[in-house]
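Visitor: Here you go, entry-v6.csv (CSV, C-alpha atoms and all ligand atoms):
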```csv
chain,number,residue,atom,x,y,z
A,1,MET,CA,0.0,0.0,0.0
A,2,ASP,CA,1.4,3.4,-0.9
A,3,SER,CA,1.9,6.1,1.7
A,4,PRO,CA,-0.9,8.5,0.4
A,5,GLU,CA,-3.3,5.6,0.7
A,6,LEU,CA,-2.2,4.9,4.3
A,7,VAL,CA,-2.5,8.6,5.1
A,8,ARG,CA,-6.0,8.6,3.8
A,9,CYS,CA,-6.9,5.7,6.1
A,10,ILE,CA,-5.4,7.6,9.1
A,11,GLU,CA,-7.4,10.6,8.1
A,12,THR,CA,-10.5,8.5,8.1
A,13,ALA,CA,-9.6,7.1,11.5
A,14,THR,CA,-9.7,10.7,13.0
A,15,LEU,CA,-13.5,10.8,12.3
A,16,ALA,CA,-13.9,8.5,15.3
A,17,PRO,CA,-15.9,9.9,18.3
A,18,SER,CA,-13.9,11.1,21.3
A,19,LEU,CA,-14.7,12.5,24.8
A,20,HIS,CA,-15.7,16.2,24.2
A,21,ASN,CA,-14.1,15.8,20.7
A,22,SER,CA,-10.7,15.9,22.4
A,23,GLN,CA,-9.2,13.7,19.6
A,24,PRO,CA,-6.6,12.4,22.0
A,25,TRP,CA,-4.6,10.4,19.4
A,26,ARG,CA,-1.4,10.6,17.4
A,27,PHE,CA,-0.2,8.4,14.6
A,28,ARG,CA,3.2,7.6,13.2
A,29,LEU,CA,3.8,5.9,9.9
A,30,THR,CA,6.9,3.8,9.8
A,31,GLY,CA,7.0,2.2,6.4
A,32,GLU,CA,3.8,0.3,6.1
A,33,GLU,CA,3.3,0.1,9.8
A,34,ILE,CA,0.9,2.6,11.6
A,35,GLU,CA,1.6,3.3,15.2
A,36,VAL,CA,-1.3,4.7,17.2
A,37,TYR,CA,-0.5,6.7,20.4
A,38,ALA,CA,-2.5,8.1,23.2
A,39,ASP,CA,-2.0,11.9,23.6
A,40,HIS,CA,-2.3,12.5,27.3
A,41,ASP,CA,-1.9,16.3,26.7
A,42,ARG,CA,-5.5,16.0,25.6
A,43,GLN,CA,-6.8,14.1,28.6
A,44,LEU,CA,-9.7,15.6,30.5
A,45,ASP,CA,-8.3,15.5,34.0
A,46,VAL,CA,-11.5,16.3,35.9
A,47,LEU,CA,-13.9,14.0,34.0
A,48,ASP,CA,-11.4,11.3,33.2
A,49,PRO,CA,-8.6,11.2,35.8
A,50,ASP,CA,-7.7,7.6,35.0
A,51,GLY,CA,-7.6,8.2,31.3
A,52,ARG,CA,-10.2,5.4,30.7
A,53,GLU,CA,-12.3,7.5,28.3
A,54,LEU,CA,-9.1,8.7,26.6
A,55,LEU,CA,-8.3,5.0,25.8
A,56,VAL,CA,-12.0,4.4,24.8
A,57,SER,CA,-11.6,7.3,22.3
A,58,VAL,CA,-8.3,6.0,20.9
A,59,GLY,CA,-9.9,2.5,20.7
A,60,ALA,CA,-12.7,4.0,18.6
A,61,ALA,CA,-10.0,5.5,16.2
A,62,VAL,CA,-8.2,2.1,16.1
A,63,PHE,CA,-11.5,0.4,15.0
A,64,THR,CA,-12.1,3.1,12.4
A,65,LEU,CA,-8.5,2.6,11.0
A,66,ARG,CA,-9.0,-1.2,10.8
A,67,LEU,CA,-12.2,-0.6,8.8
A,68,ALA,CA,-10.6,2.0,6.6
A,69,LEU,CA,-7.9,-0.5,5.7
A,70,ARG,CA,-10.5,-3.2,5.0
A,71,ARG,CA,-12.2,-0.8,2.6
A,72,ALA,CA,-8.8,-0.1,1.0
A,73,GLY,CA,-8.5,-3.9,0.3
A,74,ARG,CA,-6.3,-5.1,3.1
A,75,ILE,CA,-6.9,-7.4,6.1
A,76,PRO,CA,-5.3,-5.4,9.0
A,77,GLN,CA,-3.0,-7.0,11.6
A,78,LEU,CA,-3.4,-5.5,14.9
A,79,ALA,CA,-1.2,-5.5,18.0
A,80,VAL,CA,-2.7,-3.8,21.1
A,81,LEU,CA,-0.3,-2.3,23.7
A,82,PRO,CA,2.6,-4.2,22.0
A,83,ASP,CA,5.3,-2.7,24.2
A,84,PRO,CA,4.9,-2.7,28.0
A,85,GLY,CA,7.7,-0.2,28.2
A,86,ARG,CA,5.7,2.3,26.1
A,87,PRO,CA,2.1,2.3,27.5
A,88,ASP,CA,1.3,5.3,25.3
A,89,LEU,CA,1.7,3.1,22.2
A,90,VAL,CA,-1.9,1.9,22.1
A,91,ALA,CA,-1.6,-0.1,18.9
A,92,VAL,CA,0.5,-1.1,15.9
A,93,ILE,CA,-1.5,-1.8,12.7
A,94,ARG,CA,-0.1,-3.4,9.6
A,95,PRO,CA,-2.1,-3.4,6.4
A,96,GLY,CA,-1.7,-7.2,6.0
A,97,SER,CA,-2.7,-9.3,3.1
A,98,ALA,CA,-4.9,-8.1,0.2
A,99,ALA,CA,-8.6,-8.9,0.1
A,100,GLN,CA,-11.4,-7.5,-2.0
A,101,PRO,CA,-13.7,-5.7,0.5
A,102,SER,CA,-17.1,-7.4,0.9
A,103,ALA,CA,-20.4,-5.5,0.5
A,104,ALA,CA,-20.8,-5.6,4.3
A,105,VAL,CA,-17.4,-4.0,4.8
A,106,LEU,CA,-18.2,-1.3,2.2
A,107,GLU,CA,-21.6,-0.5,3.8
A,108,LEU,CA,-20.1,-0.3,7.3
A,109,ALA,CA,-17.2,1.8,6.1
A,110,ASP,CA,-19.7,4.1,4.3
A,111,ALA,CA,-21.2,4.9,7.7
A,112,ILE,CA,-17.9,6.3,9.1
A,113,GLU,CA,-18.4,9.7,7.4
A,114,ARG,CA,-22.2,9.7,8.2
A,115,ARG,CA,-21.9,8.9,11.9
A,116,HIS,CA,-22.4,11.9,14.2
A,117,THR,CA,-23.4,12.2,17.8
A,118,ASN,CA,-27.0,13.2,17.9
A,119,ARG,CA,-28.3,15.1,20.9
A,120,GLN,CA,-31.8,15.9,19.5
A,121,PRO,CA,-35.0,14.4,20.7
A,122,PHE,CA,-35.7,11.1,18.9
A,123,LEU,CA,-39.0,10.0,17.4
A,124,PRO,CA,-41.4,7.7,19.4
A,125,LYS,CA,-40.4,4.8,17.2
A,126,VAL,CA,-39.3,1.4,18.3
A,127,VAL,CA,-35.8,0.1,17.3
A,128,PRO,CA,-36.5,-3.2,15.6
A,129,ALA,CA,-35.4,-6.5,17.2
A,130,ASP,CA,-33.1,-7.4,14.2
A,131,ALA,CA,-31.3,-4.1,14.5
A,132,ILE,CA,-30.8,-4.7,18.3
A,133,GLU,CA,-29.4,-8.2,17.5
A,134,GLU,CA,-27.0,-6.7,15.0
A,135,LEU,CA,-25.8,-4.1,17.5
A,136,ARG,CA,-25.3,-6.8,20.2
A,137,ALA,CA,-23.3,-8.9,17.7
A,138,ALA,CA,-21.2,-5.9,16.8
A,139,ALA,CA,-20.1,-5.5,20.4
A,140,GLY,CA,-19.6,-9.2,20.7
A,141,HIS,CA,-17.3,-9.3,17.6
A,142,GLU,CA,-15.0,-6.8,19.4
A,143,GLY,CA,-14.9,-8.9,22.7
A,144,ALA,CA,-17.4,-6.6,24.5
A,145,ALA,CA,-21.1,-7.0,25.3
A,146,LEU,CA,-24.1,-4.7,24.7
A,147,THR,CA,-27.1,-5.0,27.0
A,148,ILE,CA,-30.3,-3.3,26.1
A,149,ALA,CA,-32.0,-1.9,29.2
A,150,GLY,CA,-35.6,-3.1,29.9
A,151,ALA,CA,-38.3,-0.7,31.1
A,152,ALA,CA,-37.2,-0.9,34.8
A,153,SER,CA,-33.5,-0.6,34.3
A,154,ARG,CA,-33.9,2.2,31.7
A,155,THR,CA,-35.6,4.3,34.4
A,156,VAL,CA,-32.8,3.4,36.9
A,157,ILE,CA,-30.0,4.3,34.4
A,158,ALA,CA,-31.7,7.6,33.5
A,159,GLY,CA,-31.9,8.4,37.3
A,160,LEU,CA,-28.2,7.4,37.8
A,161,GLY,CA,-27.2,9.6,34.9
A,162,ARG,CA,-29.0,12.6,36.3
A,163,GLU,CA,-27.4,12.0,39.7
A,164,ALA,CA,-24.0,11.6,38.1
A,165,GLU,CA,-24.5,14.9,36.2
A,166,ARG,CA,-25.4,16.6,39.5
A,167,ARG,CA,-22.3,15.3,41.2
A,168,LEU,CA,-20.0,16.1,38.3
A,169,ARG,CA,-21.2,19.7,38.4
A,170,ALA,CA,-20.2,19.9,42.0
A,171,ARG,CA,-16.7,18.7,41.2
A,172,ASP,CA,-14.0,21.3,41.3
A,173,GLY,CA,-12.9,22.3,37.9
A,174,TYR,CA,-15.8,20.7,36.0
A,175,ARG,CA,-17.2,24.0,34.6
A,176,ALA,CA,-13.7,25.3,33.7
A,177,GLU,CA,-12.9,22.0,31.9
A,178,MET,CA,-16.3,22.0,30.1
A,179,GLY,CA,-15.6,25.7,29.2
A,180,ARG,CA,-12.2,24.9,27.7
A,181,TRP,CA,-13.7,22.2,25.3
A,182,THR,CA,-16.7,24.3,24.3
A,183,ARG,CA,-15.1,27.8,24.0
A,184,PRO,CA,-16.3,29.2,20.6
A,185,VAL,CA,-13.0,30.1,19.0
A,186,ALA,CA,-12.9,30.9,15.3
A,187,HIS,CA,-11.3,28.1,13.2
A,188,ARG,CA,-11.2,25.8,16.1
A,189,ARG,CA,-10.7,22.1,15.0
A,190,ASP,CA,-11.5,20.3,18.3
A,191,GLY,CA,-14.1,20.5,21.1
A,192,VAL,CA,-17.9,20.6,20.8
A,193,PRO,CA,-19.3,23.4,18.7
A,194,SER,CA,-22.6,25.0,19.7
A,195,ALA,CA,-24.3,23.5,16.6
A,196,ALA,CA,-23.9,20.1,18.1
A,197,TYR,CA,-25.2,20.8,21.7
A,198,GLY,CA,-28.9,19.9,21.1
A,199,PRO,CA,-31.8,21.4,23.0
A,200,TRP,CA,-32.4,21.2,26.7
A,201,ASP,CA,-34.5,18.3,27.8
A,202,ALA,CA,-37.7,20.1,29.0
A,203,LEU,CA,-38.7,17.4,31.4
A,204,GLU,CA,-35.2,16.6,32.4
A,205,ARG,CA,-35.8,12.9,32.0
A,206,LEU,CA,-32.7,11.9,30.0
A,207,PRO,CA,-29.1,12.5,31.2
A,208,MET,CA,-28.1,14.6,28.2
A,209,ARG,CA,-24.8,16.3,28.7
A,210,ASP,CA,-25.3,20.0,28.9
A,211,PHE,CA,-22.5,21.3,26.6
A,212,GLY,CA,-24.1,24.8,26.8
A,213,LEU,CA,-23.4,25.0,30.6
A,214,VAL,CA,-20.6,27.6,30.2
A,215,HIS,CA,-20.9,29.2,26.7
A,216,ALA,CA,-24.6,28.7,26.0
A,217,PRO,CA,-25.8,30.4,22.9
A,218,ARG,CA,-28.6,32.8,23.8
A,219,GLN,CA,-32.2,31.7,23.1
A,220,ARG,CA,-31.4,28.0,23.4
A,221,ARG,CA,-34.5,25.8,22.9
A,222,SER,CA,-35.9,23.4,25.4
A,223,GLU,CA,-37.8,20.4,23.9
A,224,VAL,CA,-39.5,17.3,25.0
A,225,PHE,CA,-37.4,14.2,24.4
A,226,GLU,CA,-38.7,10.7,23.7
A,227,LYS,CA,-40.7,9.2,26.6
A,228,TRP,CA,-39.3,5.7,26.2
A,229,PRO,CA,-35.7,5.9,25.1
A,230,THR,CA,-33.7,2.9,23.9
A,231,ILE,CA,-30.7,2.7,26.2
A,232,ALA,CA,-27.9,0.2,26.0
A,233,VAL,CA,-24.9,-0.4,28.3
A,234,LEU,CA,-21.6,-1.5,26.8
A,235,THR,CA,-19.5,-3.7,29.1
A,236,THR,CA,-16.2,-5.6,29.0
A,237,GLY,CA,-15.1,-8.6,30.9
A,238,ALA,CA,-12.3,-6.8,32.9
A,239,ASP,CA,-11.3,-3.3,33.5
A,240,GLY,CA,-7.7,-2.4,32.5
A,241,PRO,CA,-6.2,-0.4,29.7
A,242,ALA,CA,-6.6,-3.2,27.2
A,243,ASP,CA,-10.3,-3.5,28.1
A,244,TRP,CA,-10.8,0.3,27.6
A,245,ILE,CA,-9.2,0.1,24.1
A,246,ARG,CA,-11.5,-2.9,23.4
A,247,ALA,CA,-14.5,-1.0,24.6
A,248,GLY,CA,-13.6,1.9,22.3
A,249,GLN,CA,-13.4,-0.5,19.3
A,250,ALA,CA,-16.7,-2.1,20.2
A,251,LEU,CA,-18.3,1.4,20.8
A,252,GLN,CA,-17.4,2.5,17.3
A,253,ARG,CA,-18.5,-0.8,15.7
A,254,VAL,CA,-21.8,-0.5,17.5
A,255,LEU,CA,-22.2,3.2,16.4
A,256,LEU,CA,-21.4,2.4,12.8
A,257,VAL,CA,-23.8,-0.5,12.6
A,258,ALA,CA,-26.4,1.7,14.1
A,259,THR,CA,-25.6,4.4,11.5
A,260,ARG,CA,-25.8,1.9,8.7
A,261,ARG,CA,-29.3,1.0,10.1
A,262,HIS,CA,-30.3,4.7,10.0
A,263,LEU,CA,-30.3,4.9,13.8
A,264,ALA,CA,-29.2,8.0,15.6
A,265,THR,CA,-26.8,7.5,18.5
A,266,THR,CA,-25.7,9.4,21.7
A,267,PRO,CA,-22.8,8.1,23.8
A,268,ILE,CA,-23.7,9.0,27.4
A,269,SER,CA,-20.8,8.8,29.8
A,270,GLN,CA,-21.8,10.7,33.0
A,271,PRO,CA,-23.0,7.5,34.7
A,272,VAL,CA,-19.5,5.9,34.1
A,273,GLU,CA,-17.6,9.0,35.3
A,274,ILE,CA,-18.6,8.7,38.9
A,275,PRO,CA,-17.0,5.5,40.3
A,276,GLY,CA,-19.8,4.8,42.8
A,277,ILE,CA,-22.5,5.1,40.1
A,278,ARG,CA,-20.4,3.1,37.5
A,279,GLU,CA,-20.2,0.4,40.1
A,280,VAL,CA,-24.1,0.1,40.2
A,281,LEU,CA,-24.0,-0.5,36.4
A,282,THR,CA,-21.2,-3.1,36.8
A,283,ASP,CA,-21.6,-6.7,37.7
A,284,ARG,CA,-18.1,-7.8,38.8
A,285,ARG,CA,-19.1,-11.4,39.6
A,286,ALA,CA,-20.5,-11.8,36.1
A,287,GLY,CA,-17.5,-10.0,34.6
A,288,ARG,CA,-19.4,-7.1,33.2
A,289,PHE,CA,-17.7,-3.7,33.7
A,290,ALA,CA,-19.8,-0.8,32.4
A,291,GLN,CA,-17.8,1.3,29.9
A,292,MET,CA,-20.4,3.4,28.2
A,293,VAL,CA,-24.2,4.1,28.0
A,294,ILE,CA,-25.6,4.5,24.5
A,295,ARG,CA,-28.9,6.1,23.5
A,296,LEU,CA,-30.3,4.8,20.2
A,297,GLY,CA,-33.3,5.9,18.2
A,298,TYR,CA,-34.5,7.8,15.1
A,299,GLY,CA,-33.7,11.4,15.0
A,300,PRO,CA,-33.2,14.4,12.7
A,301,PRO,CA,-29.8,14.8,11.0
A,302,ALA,CA,-27.0,15.8,13.3
A,303,PRO,CA,-24.1,18.0,12.3
A,304,ALA,CA,-20.5,16.9,11.7
A,305,THR,CA,-18.0,18.3,14.2
A,306,PRO,CA,-14.5,19.5,13.1
A,307,ARG,CA,-11.3,17.4,13.2
A,308,ARG,CA,-7.7,18.6,13.5
A,309,PRO,CA,-5.8,18.5,10.2
A,310,ILE,CA,-3.9,15.3,9.5
A,311,ALA,CA,-0.5,17.2,9.8
A,312,GLU,CA,-1.2,17.8,13.4
A,313,VAL,CA,-1.8,14.2,14.3
A,314,LEU,CA,0.5,12.3,12.0
A,315,SER,CA,4.3,12.2,11.9
A,316,ASP,CA,6.5,9.8,10.0
A,317,ARG,CA,9.6,8.2,11.3
A,318,ALA,CA,11.9,10.4,9.2
A,319,ALA,CA,10.2,13.6,10.5
A,320,SER,CA,10.4,12.5,14.1
A,321,HIS,CA,14.0,11.5,13.8
A,322,ARG,CA,14.8,14.9,12.3
A,323,ALA,CA,13.2,16.4,15.3
A,324,GLY,CA,15.4,14.2,17.5
A,325,ASN,CA,12.5,12.3,18.9
A,326,GLY,CA,12.7,8.6,18.7
A,327,GLY,CA,9.9,7.9,21.2
A,328,THR,CA,6.4,9.2,21.0
A,329,PRO,CA,5.7,11.5,18.0
B,401,LIG,C1,-15.5,8.1,25.6
B,401,LIG,C2,-16.6,9.0,25.0
B,401,LIG,C3,-17.5,9.7,25.9
B,401,LIG,C4,-18.5,10.5,25.4
B,401,LIG,N1,-19.5,11.0,26.3
B,401,LIG,C5,-20.5,11.8,25.8
B,401,LIG,C6,-21.5,12.3,26.6
B,401,LIG,O1,-21.5,12.0,27.8
B,401,LIG,N2,-22.5,13.0,26.1
B,401,LIG,C7,-22.5,13.3,24.8
B,401,LIG,O2,-23.5,14.0,24.3
B,401,LIG,N3,-21.6,12.9,23.9
B,401,LIG,C8,-20.6,12.1,24.4
B,401,LIG,N4,-19.6,11.6,23.5
B,401,LIG,C9,-19.6,12.0,22.1
B,401,LIG,C10,-18.6,13.0,21.9
B,401,LIG,O3,-18.9,14.3,22.4
B,401,LIG,C11,-18.4,13.2,20.3
B,401,LIG,O4,-17.9,12.0,19.8
B,401,LIG,C12,-17.5,14.3,19.9
B,401,LIG,O5,-18.0,15.5,20.3
B,401,LIG,C13,-17.3,14.3,18.4
B,401,LIG,O6,-18.5,14.4,17.7
B,401,LIG,P1,-19.1,13.3,16.7
B,401,LIG,O7,-19.3,12.1,17.5
B,401,LIG,O8,-20.4,13.9,16.2
B,401,LIG,O9,-18.1,13.0,15.6
B,401,LIG,C14,-18.6,10.7,24.0
B,401,LIG,C15,-17.7,10.1,23.1
B,401,LIG,C16,-16.7,9.2,23.6
B,401,LIG,C17,-15.8,8.5,22.7
```
When written as structure tokens, how does the structure in this file appear?
Guide:
Amino acid sequence: MDSPELVRCIETATLAPSLHNSQPWRFRLTGEEIEVYADHDRQLDVLDPDGRELLVSVGAAVFTLRLALRRAGRIPQLAVLPDPGRPDLVAVIRPGSAAQPSAAVLELADAIERRHTNRQPFLPKVVPADAIEELRAAAGHEGAALTIAGAASRTVIAGLGREAERRLRARDGYRAEMGRWTRPVAHRRDGVPSAAYGPWDALERLPMRDFGLVHAPRQRRSEVFEKWPTIAVLTTGADGPADWIRAGQALQRVLLVATRRHLATTPISQPVEIPGIREVLTDRRAGRFAQMVIRLGYGPPAPATPRRPIAEVLSDRAASHRAGNGGTP
């Protein structure tokens, strides 16, 4: 595979979702090998002190890169956390052998550009059982599990989310951190722009993250959200860095399958940002550690959010050697 084609795949990987659109990844191209690094300068210290969501975000980029390589006709070879001495090196991906992409691969890859986090009210329309099964299988393929909440647990999860939101707002530095990632700066290529905030939930039933908390545009609407949301919990069998990366890959696979099925999605992470609340969603004995809550449904189109230019996230070996940096790019 030539270098421009690999660079295009890396550019596609940056379309992955990330906490507050922090895009906490860096890539390095060494010949045909792509190294994916965690960028801890972009970690949200208040929301994500352990860097769990940072690795979930990088994991989402890793899955997107794998899929982009499949679309480009290669079967990627993946090594996760290949060097214990370099924990920031999240993955090394080689393009692997050639293979004509199947129709299923092409359809899923097509969803990469169309997937956007949707914070609008969804229609009162049921998600069909076959779509739910596909979403569950998507998580399973990546070594995670997706559980759709029944009526009772849906209410409990929404309540836990609201309680988490309340406690987060009481945390020192929460507003300042939110302000940094939502500050409306011209030509900004990261963070959450106001067009993506969504309206306020008039009845305050759903734990929608209020991105307008600090820099709210004036005259923000408040709307009634769906009465019976479809809520899913993504879990992994253990809870270390490799599991967080796995969760990120599974998250993106689930979101892309949903997009392919014309479903709108909202990752909801407040309930997993407060350890005591995350514990309620976790079943340690059964090996189900909650990594993310996902809202699914049918909604109006959601806007794309910006991404940093490829030159900011990609370095090649020659360039980093010239800069005297043989380690992380
Ligand atoms: C680990 C993680 C946590 C997230 N948590 C939330 C959340 O709690 N609420 C929300 O509205 N979006 C959440 N998101 C979505 C991001 O805000 C979104 O991916 C980012 O702003 C980029 O926008 P896009 O998904 O439309 O490309 C999360 C995404 C990730 C990967």
Visitor: Take CA of Asp172 in chain A and CA of Val156 in chain A and report the distance between them in Å, one decimal.
Guide: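 Calculated distance between CA of Asp172 in chain A and CA of Val156 in chain A is 26.3 Å.
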Visitor: Counting all atoms listed in the file, give me one row per residue of range 19-59 of chain A with an atom at most 12 Å from an atom of range 296-309 of chain A, showing the shortest contact pair and its distance in Å to one decimal, sorted by chain then residue number, as a Markdown table.
Guide:
```
| residue | atom | partner | partner_atom | distance |
| --- | --- | --- | --- | --- |
| A:His20 | CA | A:Thr305 | CA | 10.5 |
| A:Asn21 | CA | A:Thr305 | CA | 8.0 |
| A:Ser22 | CA | A:Arg307 | CA | 9.3 |
| A:Gln23 | CA | A:Arg307 | CA | 7.7 |
| A:Pro24 | CA | A:Arg308 | CA | 10.6 |
| A:Trp25 | CA | A:Arg308 | CA | 10.6 |
| A:Arg26 | CA | A:Arg308 | CA | 10.9 |
```
Visitor: Grab me every residue within 8 Å of ligand LIG 401 (chain B), counting only C-alpha atoms and all ligand atoms, and send it over as a ChimeraX atom specification.
Guide: /A:15-22,52-57,60,115-119,191-192,196-197,208-211,248,251,266-270,292,302-306
Visitor: Can you spit out the residues from that selection as a PDB file, in the frame of the given file, using C-alpha atoms?
Guide:
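Everything below was put into again_29.pdb:
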```pdb
ATOM      1  CA  LEU A  15     -13.500  10.800  12.300  1.00  0.00           C
ATOM      2  CA  ALA A  16     -13.900   8.500  15.300  1.00  0.00           C
ATOM      3  CA  PRO A  17     -15.900   9.900  18.300  1.00  0.00           C
ATOM      4  CA  SER A  18     -13.900  11.100  21.300  1.00  0.00           C
ATOM      5  CA  LEU A  19     -14.700  12.500  24.800  1.00  0.00           C
ATOM      6  CA  HIS A  20     -15.700  16.200  24.200  1.00  0.00           C
ATOM      7  CA  ASN A  21     -14.100  15.800  20.700  1.00  0.00           C
ATOM      8  CA  SER A  22     -10.700  15.900  22.400  1.00  0.00           C
ATOM      9  CA  ARG A  52     -10.200   5.400  30.700  1.00  0.00           C
ATOM     10  CA  GLU A  53     -12.300   7.500  28.300  1.00  0.00           C
ATOM     11  CA  LEU A  54      -9.100   8.700  26.600  1.00  0.00           C
ATOM     12  CA  LEU A  55      -8.300   5.000  25.800  1.00  0.00           C
ATOM     13  CA  VAL A  56     -12.000   4.400  24.800  1.00  0.00           C
ATOM     14  CA  SER A  57     -11.600   7.300  22.300  1.00  0.00           C
ATOM     15  CA  ALA A  60     -12.700   4.000  18.600  1.00  0.00           C
ATOM     16  CA  ARG A 115     -21.900   8.900  11.900  1.00  0.00           C
ATOM     17  CA  HIS A 116     -22.400  11.900  14.200  1.00  0.00           C
ATOM     18  CA  THR A 117     -23.400  12.200  17.800  1.00  0.00           C
ATOM     19  CA  ASN A 118     -27.000  13.200  17.900  1.00  0.00           C
ATOM     20  CA  ARG A 119     -28.300  15.100  20.900  1.00  0.00           C
ATOM     21  CA  GLY A 191     -14.100  20.500  21.100  1.00  0.00           C
ATOM     22  CA  VAL A 192     -17.900  20.600  20.800  1.00  0.00           C
ATOM     23  CA  ALA A 196     -23.900  20.100  18.100  1.00  0.00           C
ATOM     24  CA  TYR A 197     -25.200  20.800  21.700  1.00  0.00           C
ATOM     25  CA  MET A 208     -28.100  14.600  28.200  1.00  0.00           C
ATOM     26  CA  ARG A 209     -24.800  16.300  28.700  1.00  0.00           C
ATOM     27  CA  ASP A 210     -25.300  20.000  28.900  1.00  0.00           C
ATOM     28  CA  PHE A 211     -22.500  21.300  26.600  1.00  0.00           C
ATOM     29  CA  GLY A 248     -13.600   1.900  22.300  1.00  0.00           C
ATOM     30  CA  LEU A 251     -18.300   1.400  20.800  1.00  0.00           C
ATOM     31  CA  THR A 266     -25.700   9.400  21.700  1.00  0.00           C
ATOM     32  CA  PRO A 267     -22.800   8.100  23.800  1.00  0.00           C
ATOM     33  CA  ILE A 268     -23.700   9.000  27.400  1.00  0.00           C
ATOM     34  CA  SER A 269     -20.800   8.800  29.800  1.00  0.00           C
ATOM     35  CA  GLN A 270     -21.800  10.700  33.000  1.00  0.00           C
ATOM     36  CA  MET A 292     -20.400   3.400  28.200  1.00  0.00           C
ATOM     37  CA  ALA A 302     -27.000  15.800  13.300  1.00  0.00           C
ATOM     38  CA  PRO A 303     -24.100  18.000  12.300  1.00  0.00           C
ATOM     39  CA  ALA A 304     -20.500  16.900  11.700  1.00  0.00           C
ATOM     40  CA  THR A 305     -18.000  18.300  14.200  1.00  0.00           C
ATOM     41  CA  PRO A 306     -14.500  19.500  13.100  1.00  0.00           C
TER      42      PRO A 306
END
```
Visitor: So that I can check the surroundings of range 140-155 of chain A, please list as an MDAnalysis selection string every protein, DNA and RNA residue that reaches within 10 Å of it, counting all atoms listed in the file and ignoring chain neighbours fewer than 2 positions away.
Guide: chainID A and resid 63 132:138 157:161 205:206 228:238 243 246:254 281 288:295
Visitor: Kindly indicate which residue among A:Leu168, A:Ile34, A:Ile310, A:Met178 lies nearest to Leu89 in chain A, using all atoms listed in the file for the distances.
Guide: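 Nearest candidate to Leu89 in chain A out of A:Leu168, A:Ile34, A:Ile310, A:Met178: A:Ile34.
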Visitor: Find, counting all atoms listed in the file, the residue in A:Gly31, A:Gly198, A:Pro121, A:Pro95 that gets nearest to Ala68 in chain A.
Guide: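 Closest to Ala68 in chain A of all the choices is A:Pro95.
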Visitor: Considering only C-alpha atoms, can you say which of A:Ile75, A:Ala164, A:Pro241, A:Ala111 comes closest to Glu279 in chain A?
Guide: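 Residue with the minimum atom-to-atom distance to Glu279 in chain A: A:Ala164.
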Visitor: Can you tell me how far CA of Val127 in chain A sits from CA of Glu226 in chain A, in Å to one decimal?
Guide: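 Computing the Euclidean distance for CA of Val127 in chain A and CA of Glu226 in chain A yields 12.7 Å.
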Visitor: For a test of reading the model, state the distance in Å between CA of Pro184 in chain A and CA of Asp39 in chain A, rounded to one decimal.
Guide: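 For CA of Pro184 in chain A relative to CA of Asp39 in chain A, the distance reads 22.6 Å.
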Visitor: Of the residues A:Leu44, A:Thr14, A:Val90, A:Cys9, which is the one nearest to Ile245 in chain A, using all atoms listed in the file?
Guide: A:Val90
Visitor: So which one's closest to Trp244 in chain A, A:Glu165, A:Glu35, A:Asp50, A:Asp283? Using all atoms listed in the file, please.
Guide: A:Asp50
Visitor: Can you work out which one of A:Ala79, A:Ala264, A:Ala91, A:Leu67 has the shortest atom-to-atom distance to Ala38 in chain A, counting only C-alpha atoms?
Guide: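 Between A:Ala79, A:Ala264, A:Ala91, A:Leu67, the residue approaching Ala38 in chain A most closely is A:Ala91.
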